[in-house]
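Source file: model.pdb. Holds: PDB, C-alpha atoms.
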ATOM      1  CA  MET A   1       0.260   6.852  13.955
ATOM      2  CA  GLU A   2       2.500   9.912  13.691
ATOM      3  CA  ASN A   3       1.960  10.773   9.997
ATOM      4  CA  TYR A   4       0.254   9.268   6.969
ATOM      5  CA  PHE A   5       2.815   9.796   4.236
ATOM      6  CA  SER A   6       2.620   6.564   2.214
ATOM      7  CA  ILE A   7       1.050   3.117   2.057
ATOM      8  CA  GLN A   8       3.994   1.954   4.170
ATOM      9  CA  ASP A   9       2.432   3.734   7.163
ATOM     10  CA  ILE A  10      -0.352   1.126   7.232
ATOM     11  CA  ASP A  11       0.590  -1.560   9.740
ATOM     12  CA  SER A  12      -1.991  -4.126   8.607
ATOM     13  CA  LEU A  13      -3.847  -3.464   5.358
ATOM     14  CA  SER A  14      -6.408  -6.217   5.945
ATOM     15  CA  ASN A  15      -7.241  -4.845   9.398
ATOM     16  CA  TRP A  16      -7.552  -1.337   8.032
ATOM     17  CA  ILE A  17      -9.921  -2.521   5.298
ATOM     18  CA  ASP A  18     -12.083  -4.294   7.874
ATOM     19  CA  GLU A  19     -12.158  -1.181  10.054
ATOM     20  CA  ALA A  20     -13.049   1.075   7.121
ATOM     21  CA  THR A  21     -15.845  -1.293   6.102
ATOM     22  CA  ALA A  22     -17.302  -1.145   9.611
ATOM     23  CA  MET A  23     -16.898   2.635   9.653
ATOM     24  CA  LYS A  24     -18.802   2.915   6.391
ATOM     25  CA  LYS A  25     -21.817   1.276   8.059
ATOM     26  CA  LYS A  26     -21.681   3.653  11.047
ATOM     27  CA  PRO A  27     -19.813   6.779   9.897
ATOM     28  CA  LEU A  28     -20.795   8.848  12.945
ATOM     29  CA  ALA A  29     -19.838   6.269  15.564
ATOM     30  CA  ASN A  30     -16.764   8.301  16.548
ATOM     31  CA  LYS A  31     -18.391  11.728  16.283
ATOM     32  CA  THR A  32     -16.851  12.919  19.565
ATOM     33  CA  LEU A  33     -13.287  11.790  18.844
ATOM     34  CA  GLY A  34     -12.337  15.042  17.122
ATOM     35  CA  ILE A  35     -14.261  17.489  19.301
ATOM     36  CA  ASP A  36     -12.234  20.696  19.802
ATOM     37  CA  LYS A  37      -9.644  19.463  17.291
ATOM     38  CA  THR A  38      -8.882  21.336  14.057
ATOM     39  CA  ILE A  39      -7.535  19.998  10.772
ATOM     40  CA  GLY A  40      -5.915  22.323   8.264
ATOM     41  CA  LEU A  41      -6.174  21.359   4.594
ATOM     42  CA  LEU A  42      -3.502  23.000   2.419
ATOM     43  CA  PHE A  43      -3.955  22.720  -1.335
ATOM     44  CA  PHE A  44      -1.127  23.586  -3.703
ATOM     45  CA  ASN A  45      -3.159  22.051  -6.561
ATOM     46  CA  PRO A  46      -6.851  21.727  -7.531
ATOM     47  CA  SER A  47      -9.075  19.120  -5.911
ATOM     48  CA  LEU A  48     -12.646  17.855  -5.857
ATOM     49  CA  ARG A  49     -12.851  14.366  -4.278
ATOM     50  CA  THR A  50      -9.815  14.775  -2.041
ATOM     51  CA  ARG A  51     -10.966  18.085  -0.615
ATOM     52  CA  LEU A  52     -14.608  17.199  -0.081
ATOM     53  CA  SER A  53     -14.048  13.647   1.155
ATOM     54  CA  THR A  54     -11.330  14.674   3.623
ATOM     55  CA  GLN A  55     -13.463  17.550   4.870
ATOM     56  CA  LYS A  56     -16.469  15.247   5.287
ATOM     57  CA  ALA A  57     -14.301  12.653   7.027
ATOM     58  CA  ALA A  58     -13.110  15.267   9.520
ATOM     59  CA  LEU A  59     -16.671  16.471  10.149
ATOM     60  CA  ASN A  60     -17.798  12.870  10.722
ATOM     61  CA  LEU A  61     -15.229  12.747  13.522
ATOM     62  CA  GLY A  62     -16.389  16.050  15.014
ATOM     63  CA  MET A  63     -13.346  18.064  13.876
ATOM     64  CA  ASN A  64     -13.219  21.701  12.816
ATOM     65  CA  VAL A  65     -11.885  22.226   9.294
ATOM     66  CA  ILE A  66      -9.774  25.057   7.871
ATOM     67  CA  VAL A  67      -9.095  25.050   4.121
ATOM     68  CA  MET A  68      -6.456  27.128   2.343
ATOM     69  CA  ASN A  69      -5.632  27.157  -1.361
ATOM     70  CA  PHE A  70      -1.995  28.142  -1.711
ATOM     71  CA  THR A  71      -2.371  28.703  -5.447
ATOM     72  CA  GLY A  72      -4.181  31.975  -4.834
ATOM     73  CA  GLU A  73      -4.297  32.609  -1.102
ATOM     74  CA  GLY A  74      -0.927  31.789   0.428
ATOM     75  CA  TRP A  75       2.541  33.270   0.167
ATOM     76  CA  SER A  76       4.894  31.467  -2.209
ATOM     77  CA  LEU A  77       7.114  29.248  -0.082
ATOM     78  CA  GLU A  78      10.855  28.703  -0.037
ATOM     79  CA  TYR A  79      12.167  25.222   0.878
ATOM     80  CA  GLY A  80      15.927  25.515   0.480
ATOM     81  CA  ASP A  81      18.366  25.861   3.377
ATOM     82  CA  GLY A  82      20.533  28.968   3.423
ATOM     83  CA  THR A  83      18.663  30.571   0.549
ATOM     84  CA  ILE A  84      18.994  34.336   0.106
ATOM     85  CA  MET A  85      15.326  35.122  -0.354
ATOM     86  CA  ASP A  86      15.617  38.136  -2.641
ATOM     87  CA  GLN A  87      13.589  36.624  -5.470
ATOM     88  CA  GLY A  88       9.974  35.433  -5.791
ATOM     89  CA  ASN A  89       9.354  33.359  -2.655
ATOM     90  CA  SER A  90       8.043  35.393   0.281
ATOM     91  CA  GLU A  91       8.008  32.937   3.187
ATOM     92  CA  HIS A  92      10.124  29.998   4.269
ATOM     93  CA  VAL A  93       8.538  26.662   5.076
ATOM     94  CA  LYS A  94      10.316  26.728   8.453
ATOM     95  CA  GLU A  95       8.097  29.564   9.678
ATOM     96  CA  ALA A  96       4.986  28.541   7.747
ATOM     97  CA  ALA A  97       4.981  24.992   9.143
ATOM     98  CA  GLN A  98       5.528  26.121  12.732
ATOM     99  CA  VAL A  99       2.823  28.770  12.491
ATOM    100  CA  VAL A 100       0.289  26.315  11.059
ATOM    101  CA  SER A 101       1.148  23.943  13.907
ATOM    102  CA  GLN A 102      -0.125  26.575  16.349
ATOM    103  CA  TYR A 103      -3.473  26.859  14.575
ATOM    104  CA  CYS A 104      -4.188  23.183  13.840
ATOM    105  CA  ASP A 105      -3.993  19.758  15.458
ATOM    106  CA  VAL A 106      -3.586  17.867  12.174
ATOM    107  CA  LEU A 107      -2.336  19.102   8.807
ATOM    108  CA  ALA A 108      -3.225  17.585   5.424
ATOM    109  CA  ILE A 109      -1.368  18.659   2.277
ATOM    110  CA  ARG A 110      -1.832  18.215  -1.473
ATOM    111  CA  ALA A 111       1.132  19.114  -3.690
ATOM    112  CA  PHE A 112       1.621  17.624  -7.167
ATOM    113  CA  ALA A 113       4.809  16.914  -9.057
ATOM    114  CA  LYS A 114       5.945  19.668 -11.413
ATOM    115  CA  LEU A 115       7.292  17.040 -13.850
ATOM    116  CA  GLU A 116      10.308  19.212 -14.644
ATOM    117  CA  ASN A 117      12.988  17.654 -12.456
ATOM    118  CA  ARG A 118      12.669  14.015 -11.402
ATOM    119  CA  GLU A 119      15.177  14.272  -8.558
ATOM    120  CA  GLU A 120      13.370  17.261  -7.088
ATOM    121  CA  ASP A 121       9.922  15.683  -7.408
ATOM    122  CA  TYR A 122      11.012  12.369  -5.924
ATOM    123  CA  SER A 123      12.675  14.154  -3.009
ATOM    124  CA  GLU A 124       9.132  15.148  -1.925
ATOM    125  CA  LYS A 125      10.378  18.517  -0.731
ATOM    126  CA  VAL A 126       6.943  19.964   0.090
ATOM    127  CA  LEU A 127       5.577  17.099   2.201
ATOM    128  CA  LYS A 128       8.887  16.190   3.815
ATOM    129  CA  ASN A 129       9.693  19.775   4.762
ATOM    130  CA  PHE A 130       6.295  20.241   6.367
ATOM    131  CA  ILE A 131       6.764  16.975   8.252
ATOM    132  CA  LYS A 132      10.223  18.156   9.320
ATOM    133  CA  TYR A 133       9.123  21.535  10.667
ATOM    134  CA  THR A 134       5.580  20.971  11.950
ATOM    135  CA  THR A 135       4.885  19.787  15.459
ATOM    136  CA  ILE A 136       1.610  18.097  14.446
ATOM    137  CA  PRO A 137       0.733  15.020  12.345
ATOM    138  CA  VAL A 138       0.754  15.419   8.556
ATOM    139  CA  VAL A 139      -1.502  13.584   6.087
ATOM    140  CA  ASN A 140      -0.558  13.159   2.423
ATOM    141  CA  MET A 141      -3.558  14.153   0.251
ATOM    142  CA  GLU A 142      -1.409  13.458  -2.851
ATOM    143  CA  SER A 143       2.206  14.362  -3.185
ATOM    144  CA  ALA A 144       4.656  14.459  -6.077
ATOM    145  CA  THR A 145       5.105  10.684  -6.049
ATOM    146  CA  GLY A 146       2.227   9.135  -4.087
ATOM    147  CA  HIS A 147      -1.477   9.232  -3.310
ATOM    148  CA  PRO A 148      -1.891   6.914  -0.309
ATOM    149  CA  LEU A 149      -5.453   8.056   0.467
ATOM    150  CA  GLN A 150      -6.502   6.995  -3.026
ATOM    151  CA  ALA A 151      -4.661   3.683  -2.747
ATOM    152  CA  LEU A 152      -6.349   2.900   0.561
ATOM    153  CA  THR A 153      -9.658   3.755  -1.088
ATOM    154  CA  ASP A 154      -8.851   1.368  -3.920
ATOM    155  CA  ALA A 155      -8.035  -1.430  -1.485
ATOM    156  CA  ILE A 156     -11.369  -0.921   0.275
ATOM    157  CA  THR A 157     -13.218  -0.908  -3.050
ATOM    158  CA  ILE A 158     -11.556  -4.050  -4.386
ATOM    159  CA  ALA A 159     -12.306  -5.844  -1.112
ATOM    160  CA  GLU A 160     -15.977  -4.908  -1.468
ATOM    161  CA  TYR A 161     -16.296  -6.175  -5.035
ATOM    162  CA  ARG A 162     -13.926  -9.131  -5.214
ATOM    163  CA  LYS A 163     -15.569 -12.470  -5.979
ATOM    164  CA  THR A 164     -12.516 -14.680  -5.556
ATOM    165  CA  ASP A 165      -9.821 -14.961  -2.907
ATOM    166  CA  LYS A 166      -7.134 -14.044  -5.428
ATOM    167  CA  PRO A 167      -8.566 -11.833  -8.183
ATOM    168  CA  LYS A 168      -6.619 -10.745 -11.234
ATOM    169  CA  VAL A 169      -6.073  -6.996 -11.067
ATOM    170  CA  VAL A 170      -4.651  -5.047 -14.002
ATOM    171  CA  LEU A 171      -3.263  -1.530 -13.807
ATOM    172  CA  SER A 172      -3.472  -0.134 -17.315
ATOM    173  CA  TRP A 173      -1.922   3.023 -18.718
ATOM    174  CA  ALA A 174      -4.261   5.037 -20.943
ATOM    175  CA  PRO A 175      -3.727   8.089 -23.158
ATOM    176  CA  HIS A 176      -4.161  11.647 -21.935
ATOM    177  CA  PRO A 177      -3.704  15.031 -23.654
ATOM    178  CA  LYS A 178      -1.369  16.346 -20.938
ATOM    179  CA  ALA A 179       1.449  14.894 -18.876
ATOM    180  CA  LEU A 180       0.313  13.566 -15.498
ATOM    181  CA  PRO A 181       2.341  12.519 -12.424
ATOM    182  CA  GLN A 182       3.028   8.913 -11.440
ATOM    183  CA  ALA A 183       1.609   9.416  -7.928
ATOM    184  CA  VAL A 184      -1.667   7.475  -8.193
ATOM    185  CA  ALA A 185      -0.067   4.608 -10.093
ATOM    186  CA  ASN A 186       2.868   4.430  -7.654
ATOM    187  CA  SER A 187       0.660   4.117  -4.581
ATOM    188  CA  PHE A 188      -1.687   1.654  -6.295
ATOM    189  CA  VAL A 189       1.300  -0.572  -7.077
ATOM    190  CA  GLU A 190       2.538  -0.354  -3.484
ATOM    191  CA  MET A 191      -0.924  -1.205  -2.209
ATOM    192  CA  MET A 192      -1.352  -4.177  -4.552
ATOM    193  CA  GLN A 193       2.000  -5.582  -3.431
ATOM    194  CA  ARG A 194       0.445  -5.968   0.025
ATOM    195  CA  THR A 195      -2.690  -7.781  -1.163
ATOM    196  CA  ASP A 196      -3.330 -11.345  -2.232
ATOM    197  CA  ALA A 197      -4.006 -10.842  -5.919
ATOM    198  CA  HIS A 198      -2.626 -11.689  -9.325
ATOM    199  CA  PHE A 199      -1.402  -8.227 -10.265
ATOM    200  CA  VAL A 200      -0.189  -7.116 -13.696
ATOM    201  CA  ILE A 201       0.816  -3.704 -15.070
ATOM    202  CA  THR A 202       0.330  -2.908 -18.750
ATOM    203  CA  HIS A 203       1.657   0.162 -20.554
ATOM    204  CA  PRO A 204       3.572   1.172 -23.696
ATOM    205  CA  VAL A 205       7.312   0.634 -23.831
ATOM    206  CA  GLY A 206       9.041   3.587 -22.220
ATOM    207  CA  PHE A 207       6.356   4.207 -19.612
ATOM    208  CA  GLU A 208       7.710   1.937 -16.909
ATOM    209  CA  LEU A 209       7.212   3.256 -13.398
ATOM    210  CA  ALA A 210      10.180   3.564 -11.053
ATOM    211  CA  SER A 211      11.759   0.135 -10.604
ATOM    212  CA  GLN A 212      12.179   0.713  -6.865
ATOM    213  CA  ILE A 213       8.378   0.849  -6.690
ATOM    214  CA  THR A 214       7.313  -1.861  -9.160
ATOM    215  CA  LYS A 215      10.063  -4.294  -8.064
ATOM    216  CA  GLU A 216       9.027  -7.775  -9.279
ATOM    217  CA  VAL A 217       5.513  -6.917 -10.503
ATOM    218  CA  PRO A 218       5.023  -8.425 -13.979
ATOM    219  CA  ILE A 219       4.658  -5.981 -16.875
ATOM    220  CA  ASP A 220       2.823  -6.863 -20.079
ATOM    221  CA  TYR A 221       3.341  -4.458 -22.972
ATOM    222  CA  ASN A 222       0.371  -6.016 -24.774
ATOM    223  CA  GLN A 223      -2.733  -4.439 -23.257
ATOM    224  CA  GLU A 224      -5.220  -6.893 -24.711
ATOM    225  CA  ASN A 225      -3.193  -9.852 -23.500
ATOM    226  CA  ALA A 226      -3.009  -8.341 -20.012
ATOM    227  CA  PHE A 227      -6.791  -7.854 -19.932
ATOM    228  CA  LYS A 228      -7.545 -11.545 -20.470
ATOM    229  CA  ASP A 229      -9.470 -13.041 -17.544
ATOM    230  CA  ALA A 230      -9.003  -9.911 -15.398
ATOM    231  CA  ASP A 231     -11.423  -9.278 -12.521
ATOM    232  CA  PHE A 232     -10.527  -5.608 -12.062
ATOM    233  CA  ILE A 233      -9.237  -3.098 -14.597
ATOM    234  CA  TYR A 234      -7.730  -0.038 -12.925
ATOM    235  CA  VAL A 235      -6.970   2.690 -15.442
ATOM    236  CA  LYS A 236      -4.672   5.677 -15.037
ATOM    237  CA  ASN A 237      -2.448   7.778 -17.230
ATOM    238  CA  TRP A 238       1.050   8.638 -16.092
ATOM    239  CA  SER A 239       3.946  10.382 -17.800
ATOM    240  CA  SER A 240       7.284   8.727 -18.406
ATOM    241  CA  TYR A 241       9.619   8.138 -15.479
ATOM    242  CA  ALA A 242      12.685   7.387 -17.635
ATOM    243  CA  ASP A 243      12.122  10.285 -20.066
ATOM    244  CA  TYR A 244      10.776  12.281 -17.190
ATOM    245  CA  GLY A 245       7.501  14.112 -17.665
ATOM    246  CA  LYS A 246       7.051  13.131 -21.296
ATOM    247  CA  THR A 247       3.659  11.908 -22.438
ATOM    248  CA  LEU A 248       2.275   9.959 -25.373
ATOM    249  CA  GLU A 249      -1.001  10.368 -27.208
ATOM    250  CA  ASP A 250      -1.680   6.831 -28.395
ATOM    251  CA  ASN A 251      -5.379   6.257 -28.976
ATOM    252  CA  SER A 252      -4.836   2.507 -29.287
ATOM    253  CA  TRP A 253      -4.505   2.316 -25.483
ATOM    254  CA  ARG A 254      -7.954   3.827 -24.829
ATOM    255  CA  ILE A 255     -10.255   1.542 -22.837
ATOM    256  CA  THR A 256     -12.999   0.224 -25.094
ATOM    257  CA  ASP A 257     -15.924  -2.127 -24.712
ATOM    258  CA  GLU A 258     -14.150  -4.630 -26.948
ATOM    259  CA  LYS A 259     -11.170  -4.734 -24.607
ATOM    260  CA  MET A 260     -13.380  -5.111 -21.531
ATOM    261  CA  LYS A 261     -15.005  -8.139 -23.165
ATOM    262  CA  LEU A 262     -11.626  -9.889 -22.950
ATOM    263  CA  THR A 263     -11.845  -9.797 -19.156
ATOM    264  CA  ASN A 264     -13.664 -11.970 -16.656
ATOM    265  CA  ASN A 265     -16.556  -9.495 -16.585
ATOM    266  CA  ALA A 266     -14.146  -7.134 -14.850
ATOM    267  CA  LYS A 267     -15.022  -4.115 -12.767
ATOM    268  CA  PHE A 268     -13.765  -0.845 -14.225
ATOM    269  CA  MET A 269     -11.942   1.481 -11.817
ATOM    270  CA  HIS A 270     -10.538   5.001 -12.156
ATOM    271  CA  CYS A 271      -9.609   7.567  -9.494
ATOM    272  CA  LEU A 272     -11.340  10.428 -11.382
ATOM    273  CA  PRO A 273     -11.446  12.949 -12.933
ATOM    274  CA  VAL A 274     -11.409  11.101 -16.230
ATOM    275  CA  ARG A 275     -11.447  12.352 -19.818
ATOM    276  CA  ARG A 276     -14.277  10.503 -21.487
ATOM    277  CA  ASN A 277     -13.637   9.051 -24.928
ATOM    278  CA  VAL A 278      -9.929   9.801 -24.514
ATOM    279  CA  VAL A 279      -9.034   7.580 -21.556
ATOM    280  CA  VAL A 280     -12.178   5.442 -21.646
ATOM    281  CA  ASP A 281     -15.228   5.156 -23.876
ATOM    282  CA  ASP A 282     -18.628   6.230 -22.575
ATOM    283  CA  ILE A 283     -20.004   2.721 -22.933
ATOM    284  CA  VAL A 284     -17.413   1.417 -20.458
ATOM    285  CA  ILE A 285     -17.564   4.076 -17.776
ATOM    286  CA  ASP A 286     -21.377   4.169 -17.945
ATOM    287  CA  SER A 287     -21.733   0.388 -17.786
ATOM    288  CA  GLU A 288     -22.977  -1.578 -14.783
ATOM    289  CA  ASN A 289     -19.428  -2.880 -14.309
ATOM    290  CA  SER A 290     -18.074   0.615 -13.740
ATOM    291  CA  ILE A 291     -17.566   1.236 -10.026
ATOM    292  CA  VAL A 292     -15.936   4.660 -10.237
ATOM    293  CA  ILE A 293     -18.729   6.378  -8.291
ATOM    294  CA  GLU A 294     -18.670   3.779  -5.512
ATOM    295  CA  GLN A 295     -14.879   4.089  -5.524
ATOM    296  CA  ALA A 296     -15.163   7.874  -5.075
ATOM    297  CA  ASN A 297     -17.583   7.377  -2.185
ATOM    298  CA  ASN A 298     -14.981   5.295  -0.376
ATOM    299  CA  ARG A 299     -12.610   8.257  -0.384
ATOM    300  CA  THR A 300     -14.459   9.543   2.700
ATOM    301  CA  TYR A 301     -13.926   6.356   4.687
ATOM    302  CA  ALA A 302     -10.268   6.040   3.726
ATOM    303  CA  ALA A 303      -9.628   9.585   4.944
ATOM    304  CA  GLN A 304     -11.803   9.103   8.014
ATOM    305  CA  LEU A 305      -9.914   5.973   9.021
ATOM    306  CA  VAL A 306      -6.566   7.742   8.679
ATOM    307  CA  LEU A 307      -7.752  10.695  10.764
ATOM    308  CA  LYS A 308      -9.222   8.343  13.374
ATOM    309  CA  LYS A 309      -5.885   6.540  13.687
ATOM    310  CA  ILE A 310      -4.064   9.847  14.115
ATOM    311  CA  LEU A 311      -6.517  11.224  16.675
ATOM    312  CA  GLU A 312      -6.385   8.008  18.697
ATOM    313  CA  SER A 313      -2.605   8.184  18.859
ATOM    314  CA  LYS A 314      -2.451  11.816  20.021
TER     315      LYS A 314
END
Mind converting the file's structure to structure tokens?
Amino acid sequence: MENYFSIQDIDSLSNWIDEATAMKKKPLANKTLGIDKTIGLLFFNPSLRTRLSTQKAALNLGMNVIVMNFTGEGWSLEYGDGTIMDQGNSEHVKEAAQVVSQYCDVLAIRAFAKLENREEDYSEKVLKNFIKYTTIPVVNMESATGHPLQALTDAITIAEYRKTDKPKVVLSWAPHPKALPQAVANSFVEMMQRTDAHFVITHPVGFELASQITKEVPIDYNQENAFKDADFIYVKNWSSYADYGKTLEDNSWRITDEKMKLTNNAKFMHCLPVRRNVVVDDIVIDSENSIVIEQANNRTYAAQLVLKKILESK
């Protein structure tokens, strides 16, 4: 595998899930695969689970790890061609990417959407420019429009907890005090389109995700109706795609115990971090049906599987 940019880079999701499940039982089985190999982790945004799980995954494979936070440690980068760099940006991605390629064997990058210009965000200029100018594999640790490590994690988690061959899975929008990107929701939708499940998206009118991503996935604007008989409730806020970057504070969409009782004793999922009693009530996230901690644990094995695939192909 050359790069891990999106869910589309997975050749067989079912095989990957099986391999990750086996890896979880013996996480150090490939401890020598990454000996004398170095992964560079570049963060343009904050991280907890992504940073620690990817670092642990690399260590499980015997890799060396270099971490750099561009928000306070790196030069501000320029991405445009032919730009006269007499303003704020100090270094061009052309040089930065080639230099990093000399220091590392694999590069992983996290760069959120700015939610100011939809065309710019959906062009994925940070990830795609690094892929263009590096000479090493690049892993997407969450970009402006996707979070394929999280989506792979979610697929692993659902496979672990599913009780039927075709569970009902609901992706539900929830309120949030600040505008958030569509990345997690986008990749979850793409992942669910490759699984055998009854999948439904529920959100307020005006918060439809990009149609080129959702395609024929059914949308129910009535959250309580969507929750009926669900086996998994996956919750995430995202800002508007149509009215780009706009958010909505609608407390009626918060996940409550009453709403969860409409489900088929559904498991509650969230990528974390989560704002308690804004996105979801304490009683829900602290319940025995909440699998957010187990879900977070699987972040390591999703990242480890991706790195293993890359190292094996080098």
Problem - atom CA of Val217 of chain A to atom CA of Ile291 of chain A, straight-line distance in Å - result: 24.5 Å
Exercise for the section: Evaluate the PyMOL selection byres ((chain A and resi 305-314) around 8) here and jot the selected residues down as a ChimeraX atom specification. Expected result: /A:1-4,16,19-20,23,33-34,57-58,61,137,301-304
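Atom pair atom CA of Glu91 of chain A / atom CA of Ser123 of chain A has a distance of 20.3 Å (rounded to one decimal).
The space between atom CA of Ser14 of chain A and atom CA of Pro218 of chain A spans 23.1 Å.
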Excluding segment 66-81 of chain A and any residue of its chain fewer than 3 positions from it, enumerate the residues within 7 Å of it, using only C-alpha atoms, and give them as a PDB file with C-alpha atoms, keeping the file's coordinate frame.
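Once written, result37.pdb looks like this:
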ATOM      1  CA  ILE A  39      -7.535  19.998  10.772  1.00  0.00           C
ATOM      2  CA  GLY A  40      -5.915  22.323   8.264  1.00  0.00           C
ATOM      3  CA  LEU A  41      -6.174  21.359   4.594  1.00  0.00           C
ATOM      4  CA  LEU A  42      -3.502  23.000   2.419  1.00  0.00           C
ATOM      5  CA  PHE A  43      -3.955  22.720  -1.335  1.00  0.00           C
ATOM      6  CA  PHE A  44      -1.127  23.586  -3.703  1.00  0.00           C
ATOM      7  CA  ASN A  45      -3.159  22.051  -6.561  1.00  0.00           C
ATOM      8  CA  ASN A  89       9.354  33.359  -2.655  1.00  0.00           C
ATOM      9  CA  SER A  90       8.043  35.393   0.281  1.00  0.00           C
ATOM     10  CA  GLU A  91       8.008  32.937   3.187  1.00  0.00           C
ATOM     11  CA  HIS A  92      10.124  29.998   4.269  1.00  0.00           C
ATOM     12  CA  VAL A  93       8.538  26.662   5.076  1.00  0.00           C
TER      13      VAL A  93
END
Problem - Residues selected by the PyMOL selection byres ((chain A and resi 222) around 8), written as a PyMOL selection string - result: chain A and resi 202-204+220-221+223-226
Output C-alpha atoms for every residue in that selection, as a tab-separated table (two decimals), keeping the file's coordinate frame.
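Just written: part-v1.tsv:
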chain	number	residue	atom	x	y	z
A	202	THR	CA	0.33	-2.91	-18.75
A	203	HIS	CA	1.66	0.16	-20.55
A	204	PRO	CA	3.57	1.17	-23.70
A	220	ASP	CA	2.82	-6.86	-20.08
A	221	TYR	CA	3.34	-4.46	-22.97
A	223	GLN	CA	-2.73	-4.44	-23.26
A	224	GLU	CA	-5.22	-6.89	-24.71
A	225	ASN	CA	-3.19	-9.85	-23.50
A	226	ALA	CA	-3.01	-8.34	-20.01
Problem - Spatial neighbours of Pro181 of chain A, 10 Å, all atoms listed in the file, chain gap at least 3 places, as a PyMOL selection string - result: chain A and resi 112-115+121+143-146+184-186+237-241+244-245
Could you write out that same residue set with C-alpha atoms as a PDB file, in the coordinates of the input?
ATOM      1  CA  PHE A 112       1.621  17.624  -7.167  1.00  0.00           C
ATOM      2  CA  ALA A 113       4.809  16.914  -9.057  1.00  0.00           C
ATOM      3  CA  LYS A 114       5.945  19.668 -11.413  1.00  0.00           C
ATOM      4  CA  LEU A 115       7.292  17.040 -13.850  1.00  0.00           C
ATOM      5  CA  ASP A 121       9.922  15.683  -7.408  1.00  0.00           C
ATOM      6  CA  SER A 143       2.206  14.362  -3.185  1.00  0.00           C
ATOM      7  CA  ALA A 144       4.656  14.459  -6.077  1.00  0.00           C
ATOM      8  CA  THR A 145       5.105  10.684  -6.049  1.00  0.00           C
ATOM      9  CA  GLY A 146       2.227   9.135  -4.087  1.00  0.00           C
ATOM     10  CA  VAL A 184      -1.667   7.475  -8.193  1.00  0.00           C
ATOM     11  CA  ALA A 185      -0.067   4.608 -10.093  1.00  0.00           C
ATOM     12  CA  ASN A 186       2.868   4.430  -7.654  1.00  0.00           C
ATOM     13  CA  ASN A 237      -2.448   7.778 -17.230  1.00  0.00           C
ATOM     14  CA  TRP A 238       1.050   8.638 -16.092  1.00  0.00           C
ATOM     15  CA  SER A 239       3.946  10.382 -17.800  1.00  0.00           C
ATOM     16  CA  SER A 240       7.284   8.727 -18.406  1.00  0.00           C
ATOM     17  CA  TYR A 241       9.619   8.138 -15.479  1.00  0.00           C
ATOM     18  CA  TYR A 244      10.776  12.281 -17.190  1.00  0.00           C
ATOM     19  CA  GLY A 245       7.501  14.112 -17.665  1.00  0.00           C
TER      20      GLY A 245
END
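Distances from A:Asp36, A:Glu294, A:Asp154, A:Glu216 to Phe232 of chain A were compared using only C-alpha atoms, and the smallest one belongs to A:Asp154.
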Exercise for the section: Extract, using only C-alpha atoms, all DNA, RNA and protein residues at most 9 Å from segment 166-180 of chain A, discarding same-chain residues fewer than 3 positions from it, and format them as an MDAnalysis selection string. Expected result: chainID A and resid 113 115 162:163 183 185 188:189 192 195:204 207 223 226:227 229:240 245:255 264 266 275 278:280
Generate a file of the selected residues that holds C-alpha atoms, formatted as a CSV table (one decimal), in the coordinates of the input.
chain,number,residue,atom,x,y,z
A,113,ALA,CA,4.8,16.9,-9.1
A,115,LEU,CA,7.3,17.0,-13.8
A,162,ARG,CA,-13.9,-9.1,-5.2
A,163,LYS,CA,-15.6,-12.5,-6.0
A,183,ALA,CA,1.6,9.4,-7.9
A,185,ALA,CA,-0.1,4.6,-10.1
A,188,PHE,CA,-1.7,1.7,-6.3
A,189,VAL,CA,1.3,-0.6,-7.1
A,192,MET,CA,-1.4,-4.2,-4.6
A,195,THR,CA,-2.7,-7.8,-1.2
A,196,ASP,CA,-3.3,-11.3,-2.2
A,197,ALA,CA,-4.0,-10.8,-5.9
A,198,HIS,CA,-2.6,-11.7,-9.3
A,199,PHE,CA,-1.4,-8.2,-10.3
A,200,VAL,CA,-0.2,-7.1,-13.7
A,201,ILE,CA,0.8,-3.7,-15.1
A,202,THR,CA,0.3,-2.9,-18.8
A,203,HIS,CA,1.7,0.2,-20.6
A,204,PRO,CA,3.6,1.2,-23.7
A,207,PHE,CA,6.4,4.2,-19.6
A,223,GLN,CA,-2.7,-4.4,-23.3
A,226,ALA,CA,-3.0,-8.3,-20.0
A,227,PHE,CA,-6.8,-7.9,-19.9
A,229,ASP,CA,-9.5,-13.0,-17.5
A,230,ALA,CA,-9.0,-9.9,-15.4
A,231,ASP,CA,-11.4,-9.3,-12.5
A,232,PHE,CA,-10.5,-5.6,-12.1
A,233,ILE,CA,-9.2,-3.1,-14.6
A,234,TYR,CA,-7.7,0.0,-12.9
A,235,VAL,CA,-7.0,2.7,-15.4
A,236,LYS,CA,-4.7,5.7,-15.0
A,237,ASN,CA,-2.4,7.8,-17.2
A,238,TRP,CA,1.0,8.6,-16.1
A,239,SER,CA,3.9,10.4,-17.8
A,240,SER,CA,7.3,8.7,-18.4
A,245,GLY,CA,7.5,14.1,-17.7
A,246,LYS,CA,7.1,13.1,-21.3
A,247,THR,CA,3.7,11.9,-22.4
A,248,LEU,CA,2.3,10.0,-25.4
A,249,GLU,CA,-1.0,10.4,-27.2
A,250,ASP,CA,-1.7,6.8,-28.4
A,251,ASN,CA,-5.4,6.3,-29.0
A,252,SER,CA,-4.8,2.5,-29.3
A,253,TRP,CA,-4.5,2.3,-25.5
A,254,ARG,CA,-8.0,3.8,-24.8
A,255,ILE,CA,-10.3,1.5,-22.8
A,264,ASN,CA,-13.7,-12.0,-16.7
A,266,ALA,CA,-14.1,-7.1,-14.8
A,275,ARG,CA,-11.4,12.4,-19.8
A,278,VAL,CA,-9.9,9.8,-24.5
A,279,VAL,CA,-9.0,7.6,-21.6
A,280,VAL,CA,-12.2,5.4,-21.6
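This file, queried with the PyMOL selection byres ((chain A and resi 7) around 7), gives the residues Ser6, Gln8, Asp9, Ile10, Pro148, Ser187, Glu190 and Met191 of chain A.
The nearest approach to Met63 of chain A among the residues A:Lys125, A:Arg51, A:Lys31, A:Lys94, with all atoms listed in the file taken into account, belongs to A:Lys31.
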